[in-house]
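Participant: File follows, coords_30.txt with compact mmCIF, C-alpha atoms (C1' of nucleotides):
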```txt
# COMPACT_ATOMS: atom_id res chain seq x y z
CA MET A 1 68.66 384.09 26.25
CA GLN A 2 68.90 380.29 26.65
CA GLU A 3 68.17 380.01 22.97
CA LYS A 4 71.86 380.46 22.21
CA ASN A 5 72.82 377.44 24.32
CA ILE A 6 70.39 375.21 22.48
CA ILE A 7 71.83 376.48 19.22
CA SER A 8 75.37 375.84 20.32
CA PHE A 9 74.44 372.29 21.31
CA ILE A 10 72.90 371.63 17.91
CA ASN A 11 75.90 373.15 16.21
CA PHE A 12 78.12 370.85 18.20
CA LEU A 13 76.13 367.84 16.99
CA LYS A 14 76.44 369.04 13.42
CA LEU A 15 80.18 368.62 13.67
CA PHE A 16 79.56 364.89 13.57
CA ARG A 17 76.69 364.60 11.16
CA ASN A 18 74.30 366.82 9.27
CA ILE A 19 70.93 367.33 10.94
CA SER A 20 67.72 368.18 9.13
CA ALA A 21 65.58 371.12 10.25
CA THR A 22 62.88 368.69 11.33
CA ASP A 23 65.27 366.74 13.48
CA GLU A 24 66.70 369.95 14.92
CA ALA A 25 63.22 370.85 16.08
CA ILE A 26 62.70 367.45 17.68
CA ILE A 27 65.96 367.76 19.56
CA ALA A 28 65.30 371.32 20.66
CA ASP A 29 61.80 370.44 21.86
CA ASN A 30 63.10 367.75 24.16
CA LEU A 31 65.89 369.80 25.58
CA GLN A 32 65.94 371.91 28.73
CA THR A 33 68.36 374.62 29.73
CA ARG A 34 69.79 375.27 33.15
CA ASN A 35 72.33 377.58 34.77
CA VAL A 36 74.15 376.71 37.96
CA ASN A 37 76.59 378.49 40.24
CA GLU A 38 79.87 377.20 41.59
CA TYR A 39 79.37 374.52 44.29
CA GLU A 40 75.85 373.73 43.12
CA ILE A 41 75.21 369.99 43.02
CA LEU A 42 73.68 368.57 39.86
CA LEU A 43 73.70 365.00 41.05
CA GLN A 44 74.17 363.76 44.58
CA GLN A 45 76.24 360.62 45.18
CA GLY A 46 73.81 357.84 46.07
CA LYS A 47 71.00 359.16 43.87
CA THR A 48 70.31 357.78 40.42
CA ALA A 49 71.31 359.89 37.43
CA LYS A 50 68.23 360.75 35.41
CA GLU A 51 69.68 363.49 33.24
CA LEU A 52 72.30 363.87 30.57
CA PHE A 53 73.99 367.26 30.69
CA PHE A 54 75.80 369.09 27.95
CA ILE A 55 78.04 371.95 28.99
CA CYS A 56 77.69 375.14 26.97
CA LYS A 57 79.82 377.30 29.23
CA GLY A 58 81.72 376.54 32.41
CA VAL A 59 83.18 373.53 34.13
CA LEU A 60 81.66 370.62 36.04
CA LYS A 61 83.53 368.16 38.20
CA ILE A 62 82.82 364.55 39.07
CA VAL A 63 83.54 364.03 42.76
CA SER A 64 83.41 361.04 45.03
CA VAL A 65 83.96 360.64 48.73
CA ASN A 66 86.46 357.91 49.60
CA GLU A 67 86.52 355.62 52.66
CA LYS A 68 88.31 358.23 54.75
CA GLY A 69 85.67 360.79 53.92
CA LYS A 70 87.97 362.75 51.67
CA ASP A 71 86.55 364.41 48.54
CA VAL A 72 88.24 363.20 45.38
CA THR A 73 87.82 365.00 42.08
CA GLN A 74 87.76 362.30 39.44
CA PHE A 75 87.67 364.58 36.41
CA PHE A 76 86.60 367.89 35.00
CA LEU A 77 84.25 368.50 32.11
CA LYS A 78 84.08 371.68 30.09
CA GLU A 79 82.35 373.35 27.15
CA ASN A 80 81.10 370.96 24.48
CA GLN A 81 81.32 367.91 26.69
CA PHE A 82 78.52 365.70 27.89
CA CYS A 83 78.26 364.92 31.54
CA THR A 84 76.41 362.34 33.56
CA VAL A 85 77.32 359.40 35.73
CA LEU A 86 77.03 356.92 32.93
CA ASN A 87 76.86 353.74 34.96
CA SER A 88 74.02 355.16 37.01
CA PHE A 89 72.24 356.69 34.04
CA ASN A 90 72.41 353.55 31.91
CA ASN A 91 71.64 350.95 34.55
CA ASN A 92 69.37 352.88 36.92
CA VAL A 93 71.62 352.29 39.89
CA PRO A 94 72.75 354.80 42.55
CA ALA A 95 75.71 356.89 41.46
CA ASN A 96 79.04 356.46 43.22
CA GLU A 97 79.91 360.04 42.34
CA SER A 98 78.42 363.48 42.54
CA ILE A 99 78.31 366.05 39.77
CA VAL A 100 79.18 369.52 41.03
CA ALA A 101 79.68 372.85 39.29
CA ALA A 102 83.33 373.85 39.52
CA CYS A 103 82.44 377.36 38.42
CA ASN A 104 79.32 379.11 37.17
CA THR A 105 78.05 376.97 34.34
CA GLU A 106 75.43 377.03 31.59
CA LEU A 107 73.94 373.73 30.55
CA VAL A 108 71.45 372.08 28.32
CA LEU A 109 70.05 368.77 29.42
CA PHE A 110 67.92 365.81 28.47
CA SER A 111 65.91 363.89 30.98
CA LYS A 112 66.44 360.18 30.38
CA GLU A 113 62.87 359.89 29.25
CA LYS A 114 63.17 362.65 26.66
CA LEU A 115 66.50 361.33 25.48
CA LEU A 116 65.01 357.92 24.80
CA GLN A 117 62.21 359.58 22.86
CA VAL A 118 64.72 361.38 20.70
CA TYR A 119 66.69 358.16 20.22
CA LYS A 120 63.52 356.55 18.96
CA ALA A 121 62.64 359.43 16.68
CA ILE A 122 66.16 359.92 15.30
CA PRO A 123 68.15 356.70 15.12
CA TYR A 124 71.39 358.35 13.98
CA PHE A 125 71.21 360.67 16.97
CA LYS A 126 71.65 357.66 19.23
CA GLU A 127 74.61 356.52 17.16
CA SER A 128 76.20 359.95 17.42
CA ILE A 129 75.75 360.19 21.16
CA HIS A 130 77.17 356.73 21.62
CA SER A 131 80.25 357.35 19.56
CA ILE A 132 80.86 360.73 21.18
CA THR A 133 80.49 359.07 24.57
CA GLN A 134 82.87 356.28 23.72
CA GLN A 135 85.50 358.71 22.50
CA ALA A 136 85.06 360.76 25.67
CA LEU A 137 85.68 357.69 27.82
CA LEU A 138 88.81 356.89 25.84
CA ASP A 139 90.03 360.45 26.31
CA LYS A 140 89.47 360.29 30.06
CA ILE A 141 91.44 357.07 30.27
CA ALA A 142 94.25 358.48 28.14
CA ILE A 143 94.59 361.54 30.36
CA ARG A 144 94.63 359.52 33.55
CA ASN A 145 97.17 357.10 32.13
CA SER A 146 99.41 359.98 31.13
CA TYR A 147 99.81 360.78 34.84
CA LEU A 148 100.82 357.26 35.74
CA GLY A 149 104.15 356.95 37.45
CA GLU A 150 104.83 360.67 37.23
CA ASP A 151 105.65 362.77 40.26
CA ALA A 152 103.33 365.53 41.41
CA GLN A 153 105.06 368.37 39.58
CA THR A 154 105.06 366.49 36.29
CA ARG A 155 101.39 365.64 36.68
CA TYR A 156 100.60 369.29 37.24
CA GLN A 157 102.64 370.37 34.23
CA LYS A 158 100.87 367.85 32.05
CA PHE A 159 97.54 368.98 33.42
CA ILE A 160 98.05 372.64 32.53
CA LEU A 161 99.18 371.65 29.05
CA GLN A 162 96.33 369.20 28.47
CA GLN A 163 93.55 371.20 30.09
CA PRO A 164 94.66 374.83 30.23
CA GLU A 165 91.15 376.29 30.16
CA ILE A 166 90.24 374.23 33.18
CA ALA A 167 93.47 374.99 35.02
CA LEU A 168 92.57 378.68 34.88
CA ARG A 169 89.01 378.34 36.07
CA VAL A 170 88.86 375.90 38.94
CA SER A 171 90.22 376.15 42.46
CA LEU A 172 93.65 375.02 43.54
CA SER A 173 92.15 372.55 45.94
CA ASP A 174 90.07 370.94 43.17
CA ILE A 175 93.15 370.60 40.99
CA ALA A 176 95.16 369.14 43.85
CA SER A 177 92.40 366.63 44.53
CA TYR A 178 92.24 365.75 40.83
CA LEU A 179 96.01 365.19 40.71
CA GLY A 180 95.99 363.13 43.87
CA ILE A 181 98.07 365.49 45.99
CA THR A 182 97.41 367.83 48.92
CA GLN A 183 96.69 371.47 48.25
CA GLN A 184 99.82 372.38 50.21
CA SER A 185 101.91 370.32 47.84
CA LEU A 186 100.33 371.92 44.81
CA SER A 187 100.85 375.37 46.23
CA ARG A 188 104.52 374.53 46.79
CA ILE A 189 104.82 373.20 43.25
CA ARG A 190 103.35 376.38 41.82
CA LYS A 191 105.84 378.40 43.82
CA ASN A 192 108.77 376.31 42.55
CA MET A 193 107.60 376.76 38.98
CA ARG A 194 107.72 380.56 39.10
CA MET B 1 91.81 321.80 20.97
CA GLN B 2 91.07 325.44 20.12
CA GLU B 3 87.48 324.44 19.69
CA LYS B 4 86.91 324.92 23.42
CA ASN B 5 88.06 328.55 23.28
CA ILE B 6 85.60 329.34 20.52
CA ILE B 7 82.89 327.71 22.57
CA SER B 8 83.80 329.65 25.67
CA PHE B 9 83.67 332.88 23.68
CA ILE B 10 80.22 332.08 22.38
CA ASN B 11 79.09 331.11 25.85
CA PHE B 12 80.33 334.44 27.13
CA LEU B 13 78.27 336.24 24.51
CA LYS B 14 75.22 334.24 25.50
CA LEU B 15 75.39 335.82 28.93
CA PHE B 16 74.16 339.02 27.31
CA ARG B 17 71.73 337.73 24.74
CA ASN B 18 70.57 334.50 23.28
CA ILE B 19 72.25 333.47 20.02
CA SER B 20 70.73 331.23 17.39
CA ALA B 21 72.64 328.23 16.03
CA THR B 22 72.91 329.93 12.66
CA ASP B 23 74.42 333.04 14.19
CA GLU B 24 76.76 330.95 16.30
CA ALA B 25 78.10 329.42 13.11
CA ILE B 26 78.60 332.81 11.51
CA ILE B 27 80.53 334.02 14.52
CA ALA B 28 82.64 330.88 14.76
CA ASP B 29 83.46 330.97 11.05
CA ASN B 30 84.88 334.46 11.31
CA LEU B 31 86.89 333.82 14.41
CA GLN B 32 90.53 332.78 14.71
CA THR B 33 92.32 331.30 17.69
CA ARG B 34 95.81 332.09 18.87
CA ASN B 35 98.08 331.18 21.78
CA VAL B 36 100.89 333.42 22.95
CA ASN B 37 103.63 333.14 25.53
CA GLU B 38 104.59 335.68 28.17
CA TYR B 39 106.36 338.72 26.69
CA GLU B 40 104.96 338.09 23.22
CA ILE B 41 103.75 341.28 21.57
CA LEU B 42 100.30 341.23 20.04
CA LEU B 43 100.35 344.83 18.93
CA GLN B 44 103.36 347.10 18.67
CA GLN B 45 103.04 350.74 19.73
CA GLY B 46 103.03 352.81 16.52
CA LYS B 47 101.27 350.15 14.44
CA THR B 48 97.57 350.23 13.75
CA ALA B 49 95.35 347.77 15.61
CA LYS B 50 93.62 345.51 13.10
CA GLU B 51 92.39 342.85 15.47
CA LEU B 52 89.99 342.52 18.35
CA PHE B 53 91.14 339.96 20.88
CA PHE B 54 89.09 338.07 23.42
CA ILE B 55 90.97 336.40 26.24
CA CYS B 56 89.98 332.81 27.00
CA LYS B 57 92.80 332.11 29.42
CA GLY B 58 95.64 334.24 30.70
CA VAL B 59 96.42 337.92 31.06
CA LEU B 60 97.35 340.66 28.61
CA LYS B 61 98.72 344.06 29.49
CA ILE B 62 98.47 347.40 27.72
CA VAL B 63 101.84 349.12 27.89
CA SER B 64 103.13 352.45 26.70
CA VAL B 65 106.55 354.00 26.75
CA ASN B 66 106.62 357.46 28.30
CA GLU B 67 108.87 360.42 27.43
CA LYS B 68 111.66 359.14 29.64
CA GLY B 69 111.60 355.80 27.89
CA LYS B 70 110.02 354.06 30.87
CA ASP B 71 107.53 351.26 30.27
CA VAL B 72 104.18 351.97 31.87
CA THR B 73 101.54 349.29 32.31
CA GLN B 74 98.22 351.00 31.77
CA PHE B 75 96.02 348.06 32.62
CA PHE B 76 95.63 344.33 32.67
CA LEU B 77 93.00 342.27 30.89
CA LYS B 78 92.02 338.75 31.82
CA GLU B 79 89.69 335.91 30.95
CA ASN B 80 86.41 336.97 29.35
CA GLN B 81 87.62 340.43 28.48
CA PHE B 82 88.07 341.96 25.07
CA CYS B 83 91.33 343.60 24.25
CA THR B 84 92.46 345.98 21.54
CA VAL B 85 93.68 349.55 21.37
CA LEU B 86 90.26 350.94 20.68
CA ASN B 87 91.25 354.35 19.42
CA SER B 88 93.59 352.79 16.89
CA PHE B 89 91.18 350.02 15.92
CA ASN B 90 88.22 352.35 15.44
CA ASN B 91 89.94 355.23 13.70
CA ASN B 92 92.75 353.46 11.84
CA VAL B 93 95.46 355.50 13.50
CA PRO B 94 98.74 354.28 15.02
CA ALA B 95 98.37 352.96 18.55
CA ASN B 96 99.97 354.83 21.43
CA GLU B 97 100.21 351.57 23.35
CA SER B 98 101.40 348.04 22.86
CA ILE B 99 99.52 344.88 23.75
CA VAL B 100 101.77 342.33 25.43
CA ALA B 101 101.10 338.95 27.01
CA ALA B 102 101.67 339.19 30.77
CA CYS B 103 101.64 335.41 31.00
CA ASN B 104 100.93 332.52 28.64
CA THR B 105 97.57 333.32 27.13
CA GLU B 106 94.93 331.72 24.91
CA LEU B 107 92.92 334.01 22.67
CA VAL B 108 90.27 334.13 20.06
CA LEU B 109 90.32 337.08 17.69
CA PHE B 110 88.49 338.87 14.92
CA SER B 111 90.29 340.73 12.21
CA LYS B 112 88.63 344.10 11.75
CA GLU B 113 87.39 342.98 8.37
CA LYS B 114 85.75 339.84 9.70
CA LEU B 115 84.29 341.71 12.63
CA LEU B 116 82.61 344.20 10.33
CA GLN B 117 81.20 341.31 8.32
CA VAL B 118 79.70 339.79 11.44
CA TYR B 119 78.33 343.18 12.46
CA LYS B 120 76.59 343.37 9.11
CA ALA B 121 75.26 339.84 9.32
CA ILE B 122 74.14 340.05 12.96
CA PRO B 123 73.03 343.53 13.98
CA TYR B 124 72.49 342.66 17.64
CA PHE B 125 76.05 341.33 17.81
CA LYS B 126 77.31 344.84 17.17
CA GLU B 127 75.05 346.18 19.88
CA SER B 128 76.33 343.60 22.33
CA ILE B 129 79.98 344.27 21.58
CA HIS B 130 79.41 348.01 21.94
CA SER B 131 77.68 347.77 25.26
CA ILE B 132 80.25 345.32 26.62
CA THR B 133 82.97 347.67 25.45
CA GLN B 134 81.36 350.68 27.05
CA GLN B 135 80.97 348.90 30.35
CA ALA B 136 84.60 347.78 30.19
CA LEU B 137 85.73 351.36 29.69
CA LEU B 138 83.66 352.48 32.68
CA ASP B 139 85.18 349.73 34.79
CA LYS B 140 88.72 350.75 33.82
CA ILE B 141 87.99 354.34 34.79
CA ALA B 142 86.42 353.27 38.08
CA ILE B 143 89.44 351.19 39.02
CA ARG B 144 91.90 353.93 38.18
CA ASN B 145 89.88 356.49 40.08
CA SER B 146 89.81 354.26 43.12
CA TYR B 147 93.60 354.65 43.34
CA LEU B 148 93.44 358.43 43.24
CA GLY B 149 95.05 360.18 46.16
CA GLU B 150 95.93 356.90 47.87
CA ASP B 151 99.46 356.04 48.94
CA ALA B 152 101.35 353.16 47.36
CA GLN B 153 100.45 350.57 49.97
CA THR B 154 96.76 351.38 49.81
CA ARG B 155 96.81 351.19 46.02
CA TYR B 156 98.42 347.76 46.21
CA GLN B 157 95.89 346.55 48.77
CA LYS B 158 93.02 347.73 46.60
CA PHE B 159 94.61 346.10 43.59
CA ILE B 160 94.85 342.67 45.18
CA LEU B 161 91.26 342.94 46.36
CA GLN B 162 89.93 344.18 43.01
CA GLN B 163 92.02 341.98 40.74
CA PRO B 164 93.25 339.03 42.78
CA GLU B 165 93.56 336.64 39.83
CA ILE B 166 95.83 339.10 38.10
CA ALA B 167 97.86 339.85 41.20
CA LEU B 168 98.78 336.19 41.38
CA ARG B 169 99.77 335.77 37.77
CA VAL B 170 101.78 338.76 36.64
CA SER B 171 105.24 339.90 37.65
CA LEU B 172 105.99 342.23 40.51
CA SER B 173 107.54 344.72 38.14
CA ASP B 174 104.39 344.82 36.01
CA ILE B 175 102.25 345.42 39.06
CA ALA B 176 104.60 348.15 40.29
CA SER B 177 104.45 349.82 36.90
CA TYR B 178 100.65 349.56 36.88
CA LEU B 179 100.45 351.13 40.33
CA GLY B 180 102.85 353.92 39.43
CA ILE B 181 105.61 352.94 41.85
CA THR B 182 109.08 351.39 41.58
CA GLN B 183 109.50 347.67 41.95
CA GLN B 184 111.70 348.28 44.99
CA SER B 185 108.87 350.15 46.67
CA LEU B 186 106.42 347.38 45.90
CA SER B 187 108.80 344.76 47.22
CA ARG B 188 109.17 346.77 50.43
CA ILE B 189 105.39 347.11 50.71
CA ARG B 190 104.93 343.35 50.33
CA LYS B 191 107.47 342.81 53.07
CA ASN B 192 105.70 345.22 55.41
CA MET B 193 102.40 343.47 54.76
CA ARG B 194 103.64 340.05 55.95
C1' DA C 1 86.32 400.67 53.29
C1' DT C 2 85.78 397.06 56.89
C1' DT C 3 84.63 392.68 58.29
C1' DC C 4 84.04 387.96 57.82
C1' DG C 5 84.73 383.56 55.80
C1' DT C 6 87.19 381.04 52.50
C1' DT C 7 91.19 379.94 49.78
C1' DT C 8 95.96 379.94 49.20
C1' DT C 9 100.57 380.27 50.84
C1' DT C 10 104.24 379.30 53.91
C1' DA C 11 106.85 376.78 57.35
C1' DC C 12 108.37 372.87 59.81
C1' DC C 13 108.96 368.09 60.66
C1' DA C 14 107.69 363.25 59.89
C1' DA C 15 106.63 359.69 56.69
C1' DT C 16 106.80 357.88 52.20
C1' DT C 17 108.92 357.03 47.98
C1' DG C 18 112.71 357.10 44.51
C1' DG C 19 117.49 356.08 42.90
C1' DT C 20 121.53 353.40 43.00
C1' DA C 21 123.69 349.34 43.94
C1' DA C 22 124.40 344.87 45.53
C1' DA C 23 122.76 340.39 47.29
C1' DT C 24 119.59 336.80 46.91
C1' DT C 25 116.20 333.96 44.92
C1' DT C 26 114.02 331.88 41.07
C1' DG C 27 113.67 329.66 36.80
C1' DT C 28 115.67 327.95 32.53
C1' DT C 29 118.97 325.56 29.77
C1' DG C 30 122.60 322.67 28.73
C1' DC D 1 123.19 319.50 38.90
C1' DA D 2 125.78 323.44 37.28
C1' DA D 3 125.67 327.73 35.17
C1' DC D 4 123.46 331.50 33.63
C1' DA D 5 120.00 335.11 33.11
C1' DA D 6 116.21 337.32 35.00
C1' DA D 7 113.30 338.69 38.80
C1' DT D 8 112.97 339.96 43.44
C1' DT D 9 114.62 341.51 47.80
C1' DT D 10 117.38 344.32 50.71
C1' DA D 11 119.96 348.33 52.17
C1' DC D 12 121.19 353.03 52.24
C1' DC D 13 120.53 357.81 51.46
C1' DA D 14 118.37 361.65 49.00
C1' DA D 15 114.24 363.72 47.34
C1' DT D 16 109.43 364.17 47.46
C1' DT D 17 105.19 364.40 49.68
C1' DG D 18 101.95 364.51 53.69
C1' DG D 19 100.21 366.43 58.12
C1' DT D 20 99.60 370.11 61.20
C1' DA D 21 99.36 374.76 62.06
C1' DA D 22 99.54 379.48 61.31
C1' DA D 23 99.86 383.59 58.30
C1' DA D 24 98.56 385.94 54.27
C1' DA D 25 95.67 386.93 50.37
C1' DC D 26 91.34 387.10 48.28
C1' DG D 27 86.27 387.86 47.67
C1' DA D 28 81.71 388.71 49.03
C1' DA D 29 78.56 391.37 51.79
C1' DT D 30 77.48 395.03 54.58
```
Would you write out, as C-alpha cells, the structure that this file holds?
Facilitator:
Amino acid sequence: MQEKNIISFINFLKLFRNISATDEAIIADNLQTRNVNEYEILLQQGKTAKELFFICKGVLKIVSVNEKGKDVTQFFLKENQFCTVLNSFNNNVPANESIVAACNTELVLFSKEKLLQVYKAIPYFKESIHSITQQALLDKIAIRNSYLGEDAQTRYQKFILQQPEIALRVSLSDIASYLGITQQSLSRIRKNMR
Amino acid sequence: MQEKNIISFINFLKLFRNISATDEAIIADNLQTRNVNEYEILLQQGKTAKELFFICKGVLKIVSVNEKGKDVTQFFLKENQFCTVLNSFNNNVPANESIVAACNTELVLFSKEKLLQVYKAIPYFKESIHSITQQALLDKIAIRNSYLGEDAQTRYQKFILQQPEIALRVSLSDIASYLGITQQSLSRIRKNMR
DNA sequence: ATTCGTTTTTACCAATTGGTAAATTTGTTG
DNA sequence: CAACAAATTTACCAATTGGTAAAAACGAAT
C-alpha cells in the first residue's frame, strides 16, 4: 500500500528530469515510507534533523516557540513538497523549529545517510533536489513578503487564494498563528467575510 | 581604486574555500565594478535580472510595489552579501521586485554570461555560490519568521539587534516599510524607546 | 445518544496602529 | 546664509487588533 507513495515521489521527480529504471530502483531502495496523524511530531525543536521528508498526502507545519513561549507556525507544506529543517539537516546543528503534522499525512523519507548515498550514485539527483529546494525557498519568501504591510484580513484573503488546499485542511488556530494574529481575530475576520 | 573591491570580493570567497592564483585571475577578469548613489535603481521591477551583484560597501534594498501602489521593502542587503532577483536571474523572467541603493554603495558584479563562463571554468566556484546563496535564503526566512506575531515595537527592537549596521544607515521610511508599519508609527516607537 | 475535551465563536474593553494633516528638522543648492 | 525640498516628528481621531472570559459548536470515545 505504501508502494503508491514511492511511485508518486518518483513521478514527481520525473517532472524535472527523466530517470532511468536503474536509477528509479536505487532511489526506491533508499527510501522509507511513513504515515503520521495530526499533532504527531516528526522533528522536535532542539534535535538535529536527520531526515528529508517528501509529502505524498497531507500537510505538515514548521513550528517554533518564541521567547514568550508562544507557538508560531512558520509555514505549511503540502503534497509534492519536501520538508526538513534545512539549516539543521545541512549543518548538523540543533533545529530551531519543530516539524509537526497539521493533519493526517503520508510521507516518504530519506535518512541523511541514504540521501548522500543516492547523491553519490546519481549525480543529477543531487542537482534536482538542490534546484527544487532553492525554488521552494524562493516561494516561501515570496509568500511571506506578499503579506508585508497588509492588515490581518488582507493577509487571510491572500492566504486562502495562495494556499486554498491548506486553508481547508488545517485548524483555525494554526492559520491564525501562521498569519501572525490571534485566533479570536481570525474568527472575527471570517465572520465579517460571510 | 576599484581594485580593492575586487580584492575584498575574492577574500570573501576565500572564507569558504581556498582559491588558486590562476582561478583568482579568472574571477577578477570576469568581474566588473560599479558605484551607485542612494535611490539609484540597479534593477527595475518588470525587467529581467541579468547581473549578480556583490556588495563591498553600502546597503541595497529589494522593493516591490503592491496592489495599492505602495512601495514595500522586502529586505536589505549589506557588505559581503550577494544581491539579485534570483527567480528572474535564474529563469529569465521579469522580476517582481526592484533593486535600489538604500545608501551610497560600492559593488562588484557579474553579468549572467560572465558568471556562467566562470562556473564552467571553475566548478567549485559554482558550488560555493550555490551554497552561499542557499544559506542567504535561509537567513532571510529566519529573520522574517522572527518578526511573526510580534507587535511593531518588538519587530523594531529585533531589527536593530539583528541588523544594527543597516538600522543606522537607511532611512526611517525604508525601515518602517520593511517592518510593515507606517513611518509615523515607527517615529512614535522611536520616541517611546528614548 | 451522552459525555468529555477541544476548537471555534462571540462579546467587551483596552491597547496598538493607521490615516490625515501640519509642524519641525535636516540636508542640499545656489 | 537663505531658500527650498525632503525626511522626520508630532498630534489627533478612527479603525484594527489583542487580551480575557465565557458560550457555543464540534468530534471522539464510551
Participant: Within 12 Å of C:DT8, counting all atoms listed in the file, which residues qualify if same-chain residues fewer than 4 places away don't, as a CSV table (one decimal) with C-alpha atoms (C1' of nucleotides), in the frame of the given file?
Facilitator:
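Produced file around-v1.csv, reproduced below:
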```
chain,number,residue,atom,x,y,z
A,171,SER,CA,90.2,376.2,42.5
A,172,LEU,CA,93.6,375.0,43.5
A,173,SER,CA,92.2,372.6,45.9
A,183,GLN,CA,96.7,371.5,48.2
A,184,GLN,CA,99.8,372.4,50.2
A,185,SER,CA,101.9,370.3,47.8
A,186,LEU,CA,100.3,371.9,44.8
A,187,SER,CA,100.8,375.4,46.2
A,188,ARG,CA,104.5,374.5,46.8
A,190,ARG,CA,103.4,376.4,41.8
A,191,LYS,CA,105.8,378.4,43.8
D,23,DA,C1',99.9,383.6,58.3
D,24,DA,C1',98.6,385.9,54.3
D,25,DA,C1',95.7,386.9,50.4
D,26,DC,C1',91.3,387.1,48.3
```
Participant: How many Å separate atom CA of B:Phe110 from atom CA of B:Gln81?
Facilitator: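 We find that atom CA of B:Phe110 and atom CA of B:Gln81 lie 13.7 Å from each other.
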Participant: Just the residues within 10 Å of C:DA21, please, counting only C-alpha atoms (C1' of nucleotides), with nothing from its chain fewer than 2 positions along; format it as a list of chain:residue names.
Facilitator: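 These residues fall inside the cut-off: C:DG19, C:DA23, D:DA11, D:DC12.
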Participant: Within 10 Å of chain C, which residues of chain B come that close, and what is the closest atom pair and distance in Å for each? Count all atoms listed in the file and give it as a tab-separated table.
Facilitator:
```
residue	atom	partner	partner_atom	distance
B:Asp151	CA	C:DT16	C1'	8.2
B:Ala152	CA	C:DT17	C1'	8.5
B:Gln153	CA	C:DT16	C1'	9.9
B:Ile181	CA	C:DT17	C1'	8.1
B:Thr182	CA	C:DG18	C1'	7.4
B:Gln184	CA	C:DG18	C1'	8.9
B:Ser185	CA	C:DT17	C1'	7.0
```
Participant: Could you work out how far atom CA of B:Thr48 lies from atom CA of B:Ala101, giving the answer in Å with one decimal?
Facilitator: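 A separation of 17.8 Å between them.
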Participant: Using only C-alpha atoms (C1' of nucleotides), which residue out of D:DG19, D:DT8, D:DG27, D:DA3 lies closest to chain A?
Facilitator: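 Answer, going by the shortest atom-to-atom distance: D:DG19.
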Participant: For each of A:Gly180, A:Ser20, A:Arg194, A:Leu43, take the minimum atom-to-atom distance to chain D, counting all atoms listed in the file, then give the residue where this is smallest.
Facilitator: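 Nearest candidate to chain D out of A:Gly180, A:Ser20, A:Arg194, A:Leu43: A:Gly180.
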Participant: Kindly indicate which residue among D:DA29, D:DA7, D:DA15, D:DC1 lies nearest to chain A, using all atoms listed in the file for the distances.
Facilitator: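 Among the listed residues, the smallest separation from chain A belongs to D:DA15.
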Participant: Is it possible to get the axis-aligned box enclosing stretch 13-25 of chain D (all listed atoms, 8 Å extra per side) as AutoDock Vina command-line options, with centre and edge lengths in Å rounded to one decimal?
Facilitator:
```
--center_x 108.1 --center_y 372.4 --center_z 54.7 --size_x 40.9 --size_y 45.1 --size_z 30.7
```
Participant: Starting from the point (90.1, 331.5, 11.4), work out which residues of protein, DNA or RNA have an atom no more than 10 Å away when counting all atoms listed in the file; state them as number ranges by chain.
Facilitator: B: 28-34, 108-111, 114
Participant: Have a look at A:Val93, A:Ala25, A:Ala142, A:Ile6 and name the one nearest to chain B; count all atoms listed in the file.
Facilitator: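 Looking only at the distances to chain B, the closest residue turns out to be A:Ala142.
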Participant: Using all atoms listed in the file, which residue out of A:Ile166, A:Leu161, A:Leu15, A:Val72 lies closest to chain B?
Facilitator: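 Looking only at the distances to chain B, the closest residue turns out to be A:Val72.
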Participant: Can you work out which residues from chain D touch chain A at a cut-off of 9 Å (counting all atoms listed in the file) and hand them back as a list in words?
Facilitator: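 Close enough to count are DT16, DT17 and DG18 of chain D.
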